[in-house]
Structure formats: C-alpha cells, structure tokens
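Engineer: Just input-v2.pdb, nothing more (PDB, C-alpha atoms):
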```
ATOM      1  CA  MET A   1     -31.714 -39.448 -28.154
ATOM      2  CA  ARG A   2     -30.365 -36.729 -25.880
ATOM      3  CA  VAL A   3     -27.823 -34.808 -27.974
ATOM      4  CA  GLY A   4     -25.524 -31.986 -26.900
ATOM      5  CA  ILE A   5     -24.369 -29.345 -29.365
ATOM      6  CA  ALA A   6     -21.801 -26.558 -29.068
ATOM      7  CA  THR A   7     -20.177 -23.954 -31.292
ATOM      8  CA  ASP A   8     -18.422 -20.626 -31.368
ATOM      9  CA  HIS A   9     -18.999 -17.861 -33.916
ATOM     10  CA  GLY A  10     -17.416 -19.952 -36.696
ATOM     11  CA  GLY A  11     -20.283 -22.423 -36.706
ATOM     12  CA  PHE A  12     -23.119 -20.423 -35.172
ATOM     13  CA  GLY A  13     -25.399 -20.460 -38.239
ATOM     14  CA  LEU A  14     -24.847 -24.177 -38.809
ATOM     15  CA  LYS A  15     -25.545 -24.941 -35.148
ATOM     16  CA  GLU A  16     -28.832 -23.049 -35.240
ATOM     17  CA  GLU A  17     -29.946 -25.031 -38.305
ATOM     18  CA  LEU A  18     -28.875 -28.351 -36.787
ATOM     19  CA  VAL A  19     -30.693 -27.629 -33.502
ATOM     20  CA  THR A  20     -33.909 -27.052 -35.461
ATOM     21  CA  GLN A  21     -33.448 -30.250 -37.473
ATOM     22  CA  LEU A  22     -32.511 -32.340 -34.424
ATOM     23  CA  ARG A  23     -35.626 -31.229 -32.556
ATOM     24  CA  ALA A  24     -37.816 -31.824 -35.610
ATOM     25  CA  ALA A  25     -36.410 -35.374 -35.773
ATOM     26  CA  GLY A  26     -37.491 -35.980 -32.167
ATOM     27  CA  HIS A  27     -34.160 -35.599 -30.379
ATOM     28  CA  GLU A  28     -33.823 -33.809 -27.057
ATOM     29  CA  VAL A  29     -31.190 -31.113 -27.643
ATOM     30  CA  ILE A  30     -28.988 -29.595 -24.968
ATOM     31  CA  ASP A  31     -27.502 -26.402 -26.427
ATOM     32  CA  PHE A  32     -24.167 -25.502 -24.835
ATOM     33  CA  GLY A  33     -23.907 -22.282 -26.872
ATOM     34  CA  SER A  34     -22.962 -19.994 -28.198
ATOM     35  CA  HIS A  35     -26.481 -18.617 -27.877
ATOM     36  CA  SER A  36     -25.807 -15.521 -29.973
ATOM     37  CA  LEU A  37     -23.303 -14.532 -32.636
ATOM     38  CA  HIS A  38     -20.239 -12.922 -31.027
ATOM     39  CA  PRO A  39     -17.095 -12.675 -33.174
ATOM     40  CA  ASP A  40     -14.881 -12.695 -30.068
ATOM     41  CA  ASP A  41     -16.128 -15.942 -28.530
ATOM     42  CA  ASP A  42     -13.969 -19.058 -28.700
ATOM     43  CA  TYR A  43     -14.848 -22.743 -29.066
ATOM     44  CA  PRO A  44     -13.242 -24.017 -25.801
ATOM     45  CA  ASP A  45     -15.846 -22.084 -23.793
ATOM     46  CA  PHE A  46     -18.589 -24.197 -25.393
ATOM     47  CA  VAL A  47     -16.905 -27.424 -26.542
ATOM     48  CA  LEU A  48     -15.309 -28.315 -23.187
ATOM     49  CA  PRO A  49     -18.621 -28.264 -21.248
ATOM     50  CA  LEU A  50     -20.161 -30.374 -24.027
ATOM     51  CA  ALA A  51     -17.293 -32.873 -23.823
ATOM     52  CA  VAL A  52     -17.548 -33.128 -20.033
ATOM     53  CA  SER A  53     -21.315 -33.661 -20.345
ATOM     54  CA  VAL A  54     -20.819 -36.502 -22.857
ATOM     55  CA  VAL A  55     -18.344 -38.277 -20.570
ATOM     56  CA  ALA A  56     -20.629 -37.775 -17.554
ATOM     57  CA  GLY A  57     -23.522 -39.362 -19.477
ATOM     58  CA  GLU A  58     -25.659 -36.222 -19.301
ATOM     59  CA  VAL A  59     -25.982 -36.408 -23.091
ATOM     60  CA  GLU A  60     -25.601 -39.557 -25.179
ATOM     61  CA  ARG A  61     -23.702 -37.977 -28.073
ATOM     62  CA  GLY A  62     -22.287 -34.592 -28.965
ATOM     63  CA  VAL A  63     -21.971 -32.317 -31.983
ATOM     64  CA  ALA A  64     -19.075 -29.823 -31.776
ATOM     65  CA  ILE A  65     -18.699 -27.107 -34.393
ATOM     66  CA  CYS A  66     -16.143 -24.396 -35.065
ATOM     67  CA  GLY A  67     -15.016 -22.748 -38.288
ATOM     68  CA  SER A  68     -13.099 -25.748 -39.635
ATOM     69  CA  GLY A  69     -14.018 -28.403 -37.062
ATOM     70  CA  VAL A  70     -10.334 -29.046 -36.344
ATOM     71  CA  GLY A  71     -10.096 -26.910 -33.206
ATOM     72  CA  ALA A  72     -13.318 -28.343 -31.793
ATOM     73  CA  SER A  73     -11.960 -31.871 -32.312
ATOM     74  CA  VAL A  74      -8.593 -31.156 -30.712
ATOM     75  CA  CYS A  75     -10.276 -29.372 -27.812
ATOM     76  CA  ALA A  76     -12.903 -32.061 -27.136
ATOM     77  CA  ASN A  77     -10.278 -34.815 -27.178
ATOM     78  CA  LYS A  78      -8.457 -33.138 -24.269
ATOM     79  CA  VAL A  79     -11.225 -34.475 -22.001
ATOM     80  CA  PRO A  80     -10.507 -38.084 -20.920
ATOM     81  CA  GLY A  81     -13.190 -40.441 -22.207
ATOM     82  CA  VAL A  82     -14.051 -38.348 -25.250
ATOM     83  CA  ARG A  83     -13.618 -39.865 -28.695
ATOM     84  CA  ALA A  84     -14.217 -36.942 -31.044
ATOM     85  CA  SER A  85     -13.458 -36.823 -34.753
ATOM     86  CA  LEU A  86     -13.688 -34.305 -37.545
ATOM     87  CA  ILE A  87     -16.021 -35.902 -40.076
ATOM     88  CA  HIS A  88     -16.596 -35.050 -43.755
ATOM     89  CA  ASP A  89     -18.091 -38.278 -45.112
ATOM     90  CA  HIS A  90     -20.836 -40.792 -44.354
ATOM     91  CA  PHE A  91     -18.556 -43.806 -44.059
ATOM     92  CA  SER A  92     -16.505 -42.171 -41.299
ATOM     93  CA  ALA A  93     -19.609 -40.863 -39.503
ATOM     94  CA  ARG A  94     -20.902 -44.435 -39.221
ATOM     95  CA  GLN A  95     -17.626 -46.332 -38.895
ATOM     96  CA  GLY A  96     -16.328 -43.948 -36.231
ATOM     97  CA  VAL A  97     -19.171 -45.000 -33.946
ATOM     98  CA  GLU A  98     -19.326 -48.678 -34.938
ATOM     99  CA  ASP A  99     -15.608 -49.445 -34.733
ATOM    100  CA  ASP A 100     -14.082 -46.694 -32.586
ATOM    101  CA  HIS A 101     -16.990 -45.760 -30.307
ATOM    102  CA  MET A 102     -16.860 -42.104 -31.377
ATOM    103  CA  ASN A 103     -19.077 -40.044 -29.078
ATOM    104  CA  ILE A 104     -18.650 -36.523 -30.505
ATOM    105  CA  ILE A 105     -18.839 -35.580 -34.167
ATOM    106  CA  CYS A 106     -16.944 -32.420 -35.116
ATOM    107  CA  LEU A 107     -17.969 -30.293 -38.074
ATOM    108  CA  GLY A 108     -16.714 -27.150 -39.771
ATOM    109  CA  GLY A 109     -19.277 -24.384 -40.016
ATOM    110  CA  ARG A 110     -17.260 -22.588 -42.683
ATOM    111  CA  VAL A 111     -16.457 -25.626 -44.807
ATOM    112  CA  MET A 112     -19.735 -27.512 -45.231
ATOM    113  CA  GLY A 113     -23.335 -26.702 -45.931
ATOM    114  CA  THR A 114     -26.330 -27.420 -43.761
ATOM    115  CA  MET A 115     -27.625 -30.326 -45.849
ATOM    116  CA  VAL A 116     -24.317 -32.192 -45.797
ATOM    117  CA  ALA A 117     -23.875 -31.514 -42.086
ATOM    118  CA  TRP A 118     -27.383 -32.789 -41.329
ATOM    119  CA  ASP A 119     -26.785 -35.973 -43.351
ATOM    120  CA  LEU A 120     -23.573 -36.615 -41.400
ATOM    121  CA  VAL A 121     -25.215 -35.947 -38.029
ATOM    122  CA  GLU A 122     -28.117 -38.285 -38.897
ATOM    123  CA  THR A 123     -25.648 -41.012 -39.871
ATOM    124  CA  PHE A 124     -23.613 -40.461 -36.681
ATOM    125  CA  LEU A 125     -26.676 -40.627 -34.428
ATOM    126  CA  ALA A 126     -28.107 -43.709 -36.160
ATOM    127  CA  ALA A 127     -24.857 -45.685 -35.827
ATOM    128  CA  GLU A 128     -24.308 -48.023 -32.907
ATOM    129  CA  PHE A 129     -21.152 -49.507 -31.466
ATOM    130  CA  SER A 130     -20.730 -52.969 -33.041
ATOM    131  CA  PRO A 131     -21.271 -55.763 -30.486
ATOM    132  CA  GLY A 132     -18.444 -57.867 -31.926
ATOM    133  CA  ARG A 133     -15.897 -55.084 -31.584
ATOM    134  CA  THR A 134     -13.408 -54.721 -28.752
ATOM    135  CA  PRO A 135     -14.886 -52.786 -25.804
ATOM    136  CA  PRO A 136     -13.714 -49.133 -25.758
ATOM    137  CA  GLU A 137     -11.606 -49.589 -22.620
ATOM    138  CA  THR A 138      -9.462 -52.238 -24.377
ATOM    139  CA  SER A 139      -9.764 -50.967 -27.935
ATOM    140  CA  GLU A 140      -7.132 -49.688 -30.330
ATOM    141  CA  GLN A 141      -7.750 -46.175 -28.993
ATOM    142  CA  SER A 142      -6.920 -47.229 -25.433
ATOM    143  CA  ARG A 143      -3.834 -49.071 -26.636
ATOM    144  CA  CYS A 144      -2.762 -45.848 -28.362
ATOM    145  CA  THR A 145      -3.128 -43.963 -25.083
ATOM    146  CA  ARG A 146      -1.066 -46.551 -23.184
ATOM    147  CA  LYS A 147       1.647 -46.541 -25.862
ATOM    148  CA  GLU A 148       1.720 -42.737 -25.802
ATOM    149  CA  GLY A 149       2.303 -42.840 -22.039
ATOM    150  CA  ARG A 150       5.170 -45.300 -22.428
ATOM    151  CA  ALA A 151       6.700 -43.196 -25.213
ATOM    152  CA  ARG A 152       6.581 -40.109 -22.999
ATOM    153  CA  GLY A 153       8.512 -41.965 -20.341
ATOM    154  CA  ARG A 154      11.284 -42.936 -22.777
ATOM    155  CA  SER A 155      11.914 -39.708 -24.586
ATOM    156  CA  ARG A 156      11.333 -35.982 -24.355
ATOM    157  CA  GLY A 157      12.264 -35.408 -27.988
ATOM    158  CA  PHE A 158      11.596 -36.613 -31.498
ATOM    159  CA  GLY A 159      13.666 -39.507 -32.749
ATOM    160  CA  ASN A 160      17.367 -38.905 -33.127
ATOM    161  CA  SER A 161      17.058 -35.285 -34.203
ATOM    162  CA  GLY A 162      18.472 -34.026 -30.910
ATOM    163  CA  VAL A 163      15.693 -31.446 -30.723
ATOM    164  CA  ALA A 164      13.866 -31.645 -27.417
ATOM    165  CA  ALA A 165      10.129 -31.094 -27.413
ATOM    166  CA  GLU A 166       8.112 -29.770 -24.502
ATOM    167  CA  ARG A 167       5.152 -32.064 -23.856
ATOM    168  CA  PRO A 168       1.848 -30.352 -23.026
ATOM    169  CA  ASN A 169       0.046 -30.917 -19.743
ATOM    170  CA  LEU A 170      -3.046 -32.753 -21.007
ATOM    171  CA  ASN A 171      -4.916 -32.062 -17.780
ATOM    172  CA  THR A 172      -5.002 -28.288 -18.241
ATOM    173  CA  TYR A 173      -6.004 -26.142 -21.175
ATOM    174  CA  HIS A 174      -4.901 -22.502 -21.363
ATOM    175  CA  GLY A 175      -5.987 -20.480 -24.350
ATOM    176  CA  GLY A 176      -6.122 -16.713 -24.346
ATOM    177  CA  SER A 177      -8.451 -15.750 -21.536
ATOM    178  CA  HIS A 178      -9.868 -19.291 -21.293
ATOM    179  CA  GLU A 179      -8.821 -21.952 -18.833
ATOM    180  CA  TYR A 180     -10.054 -25.498 -18.294
ATOM    181  CA  ARG A 181      -8.777 -27.842 -15.613
ATOM    182  CA  ASN A 182      -9.517 -31.522 -15.571
ATOM    183  CA  SER A 183     -10.699 -32.161 -12.010
ATOM    184  CA  SER A 184      -9.895 -35.881 -12.217
ATOM    185  CA  SER A 185      -6.142 -35.275 -12.136
TER     186      SER A 185
END
```
Go ahead and express the file in the form of structure tokens.
Structural biologist:
Amino acid sequence: MRVGIATDHGGFGLKEELVTQLRAAGHEVIDFGSHSLHPDDDYPDFVLPLAVSVVAGEVERGVAICGSGVGASVCANKVPGVRASLIHDHFSARQGVEDDHMNIICLGGRVMGTMVAWDLVETFLAAEFSPGRTPPETSEQSRCTRKEGRARGRSRGFGNSGVAAERPNLNTYHGGSHEYRNSSS
C-alpha cells in the first residue's frame, strides 16, 4: 500500500521508527516530513500536504503525528474529504476504517510508544471499508456535515445563552507564520 506519513518535532522519533517498519512490511512510504528534528516546526506544514495528498489519491492512507495527536487530527480534518481520527486502541483503528471510512490515523508521539503505535498502524492499514456500510458520500459523517451547515444558517451563537460565537472560515487556516488555503473554495 502507498502510505503517507507526516509529523512535526513532537512525533519525529516515532515517525522515523514507523517509516522503517512500514518499509520493512512492504509498504511504499511517502514521507511529508519533518525530515529533521527542529523544535520550531509546526504540524500544519506537514499534515496539510499529507491530507491533500490522501484526498487527491496520491497516497491510499495517511499517518499524521504530533505531540498528542489532537492537533494533527484537527488540522487534517480541515481538508474536505479527509476523515482523520486520533486513535489509541485497536478496535477504533479497525472500526474507523470499516464503518466510517477513516483515511488518516492520528497518533501522539509523546503519549504512546513505538510498539503500540506500530500495532495501531498495522490494524488501520489492514482494515477495509465494509461493503455493506453506507457509502462515504451518504454516510453518517456526510449527514453531520450537512446538519452543521444548516445549523450555521440558523444561528450564530450557542443555544439560548445570548453569547454570540464567531464561526471559523473552514476554507482557510492561519496559524502563526503558517497559512493554508483550500483551493476548491
């Protein structure tokens, strides 16, 4: 399988180990970086190109790593067509693909060891979308997206609290010195 992998400094050591194990298992690995340990790098610089590559079909699945895995997951899911999840257990690594068509697994380089991470990645890559499940374009995830759009049209705040909330532009990411624009919008 052609697998993309990306990390910042928070998961650099784990990424290096996983790249070695993926190649040893016969996978073609596309390494989106970081290619060296730099404490000032940031996951969007590496995770966003990975996410775009997954959606474009340049890689079949992706592995995104940061210190906790949370930021990588949030970041990857900003790209339309990505279904990324932070995973800590085998059931979710398999079920996320089979039932929800997950295409990027997110891991925390500071919160799990190499052996656990490798077991989860193996499980993720071995899983296949279940033929009897709803196709991704009509699945629960797509219904969530449609409902979110309708909710945005009804209200700019939360419930009856009277506190207005500014909704983010999901087509643009600005973070420090990093910027990503979704060209499809």
Engineer: Rounded to one decimal, what separation in Å do you get between atom CA of Ser92 of chain A and atom CA of His35 of chain A?
Structural biologist: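 So the two atoms, atom CA of Ser92 of chain A and atom CA of His35 of chain A, lie 28.9 Å apart.
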Engineer: What is the atom CA of Gly10 of chain A-atom CA of Gly62 of chain A distance in Å, reported with one decimal?
Structural biologist: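 A separation of 17.3 Å between them.
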Engineer: Counting all atoms listed in the file, which residue out of A:Gly11, A:Leu125, A:Asp41, A:Leu120 sits closest to Val70 of chain A?
Structural biologist: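 The answer is A:Gly11, which sits nearest to Val70 of chain A.
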Engineer: Of the candidates A:Arg2, A:Arg94, A:His38, A:His9, which one gets nearest to Arg110 of chain A if we count only C-alpha atoms?
Structural biologist: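 Of all the options, A:His9 lies closest to Arg110 of chain A.
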Engineer: Any chance you could resolve the PyMOL selection byres ((chain A and resi 33) around 7) against this file and give the residues as an mmCIF file with C-alpha atoms, in the coordinates of the input?
Structural biologist:
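New file expr19.cif:
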```
data_model
loop_
_atom_site.group_PDB
_atom_site.id
_atom_site.type_symbol
_atom_site.label_atom_id
_atom_site.label_comp_id
_atom_site.auth_asym_id
_atom_site.auth_seq_id
_atom_site.Cartn_x
_atom_site.Cartn_y
_atom_site.Cartn_z
ATOM 1 C CA ALA A 6 -21.801 -26.558 -29.068
ATOM 2 C CA THR A 7 -20.177 -23.954 -31.292
ATOM 3 C CA ASP A 31 -27.502 -26.402 -26.427
ATOM 4 C CA PHE A 32 -24.167 -25.502 -24.835
ATOM 5 C CA SER A 34 -22.962 -19.994 -28.198
ATOM 6 C CA HIS A 35 -26.481 -18.617 -27.877
ATOM 7 C CA PHE A 46 -18.589 -24.197 -25.393
#
```
Engineer: Rank A:Asp100, A:Ala25, A:Ala76, A:Arg61 by their smallest atom-to-atom distance to Pro49 of chain A, using only C-alpha atoms, and report the top residue only.
Structural biologist: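 Once distances to Pro49 of chain A are computed over only C-alpha atoms, the minimum belongs to A:Ala76.
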Engineer: Go through A:Gly113, A:Val54, A:Leu48, A:Lys15 one by one, measure the shortest atom-to-atom distance of each to Val74 of chain A using all atoms listed in the file, and give the residue with the smallest value.
Structural biologist: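 So, comparing all the options, the nearest one is A:Leu48.
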Engineer: Please compute the atom CA of His90 of chain A-atom CA of Cys106 of chain A distance, one decimal, in Å.
Structural biologist: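 Result for atom CA of His90 of chain A versus atom CA of Cys106 of chain A: 13.1 Å, one decimal.
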Engineer: Decode the PyMOL selection byres ((chain A and resi 88) around 10) for the given file into explicit residues and return them as a list in words.
Structural biologist: Gly69, Ser85, Leu86, Ile87, Asp89, His90, Phe91, Ser92, Ala93, Ile105, Cys106, Leu107, Gly108, Val111, Met112, Val116, Ala117 and Leu120 of chain A
Engineer: Can you write out the residues you just picked, keeping C-alpha atoms, as a PDB file, in the coordinates of the input?
Structural biologist:
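Below is the file that was written, selection-v2.pdb:
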```
ATOM      1  CA  GLY A  69     -14.018 -28.403 -37.062  1.00  0.00           C
ATOM      2  CA  SER A  85     -13.458 -36.823 -34.753  1.00  0.00           C
ATOM      3  CA  LEU A  86     -13.688 -34.305 -37.545  1.00  0.00           C
ATOM      4  CA  ILE A  87     -16.021 -35.902 -40.076  1.00  0.00           C
ATOM      5  CA  ASP A  89     -18.091 -38.278 -45.112  1.00  0.00           C
ATOM      6  CA  HIS A  90     -20.836 -40.792 -44.354  1.00  0.00           C
ATOM      7  CA  PHE A  91     -18.556 -43.806 -44.059  1.00  0.00           C
ATOM      8  CA  SER A  92     -16.505 -42.171 -41.299  1.00  0.00           C
ATOM      9  CA  ALA A  93     -19.609 -40.863 -39.503  1.00  0.00           C
ATOM     10  CA  ILE A 105     -18.839 -35.580 -34.167  1.00  0.00           C
ATOM     11  CA  CYS A 106     -16.944 -32.420 -35.116  1.00  0.00           C
ATOM     12  CA  LEU A 107     -17.969 -30.293 -38.074  1.00  0.00           C
ATOM     13  CA  GLY A 108     -16.714 -27.150 -39.771  1.00  0.00           C
ATOM     14  CA  VAL A 111     -16.457 -25.626 -44.807  1.00  0.00           C
ATOM     15  CA  MET A 112     -19.735 -27.512 -45.231  1.00  0.00           C
ATOM     16  CA  VAL A 116     -24.317 -32.192 -45.797  1.00  0.00           C
ATOM     17  CA  ALA A 117     -23.875 -31.514 -42.086  1.00  0.00           C
ATOM     18  CA  LEU A 120     -23.573 -36.615 -41.400  1.00  0.00           C
TER      19      LEU A 120
END
```
Engineer: Do you know which residues are at most 9 Å from Glu28 of chain A counting all atoms listed in the file, after dropping those on the same chain fewer than 6 positions away, and could you put them as a list in words?
Structural biologist: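 Here the qualifying residues turn out to be Met1, Arg2, Val3, Gly4 and Leu22 of chain A.
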Engineer: Please evaluate the PyMOL selection byres ((chain A and resi 44) around 8) against the displayed coordinates and give the resulting residues as a PyMOL selection string.
Structural biologist: chain A and resi 42-43+45-48+72+75+178
Engineer: Of the candidates A:Ile65, A:Val79, A:Ile30, A:Leu18, which shows the shortest atom-to-atom distance to Gly109 of chain A, using only C-alpha atoms?
Structural biologist: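 Among the listed residues, A:Ile65 lies closest to Gly109 of chain A.
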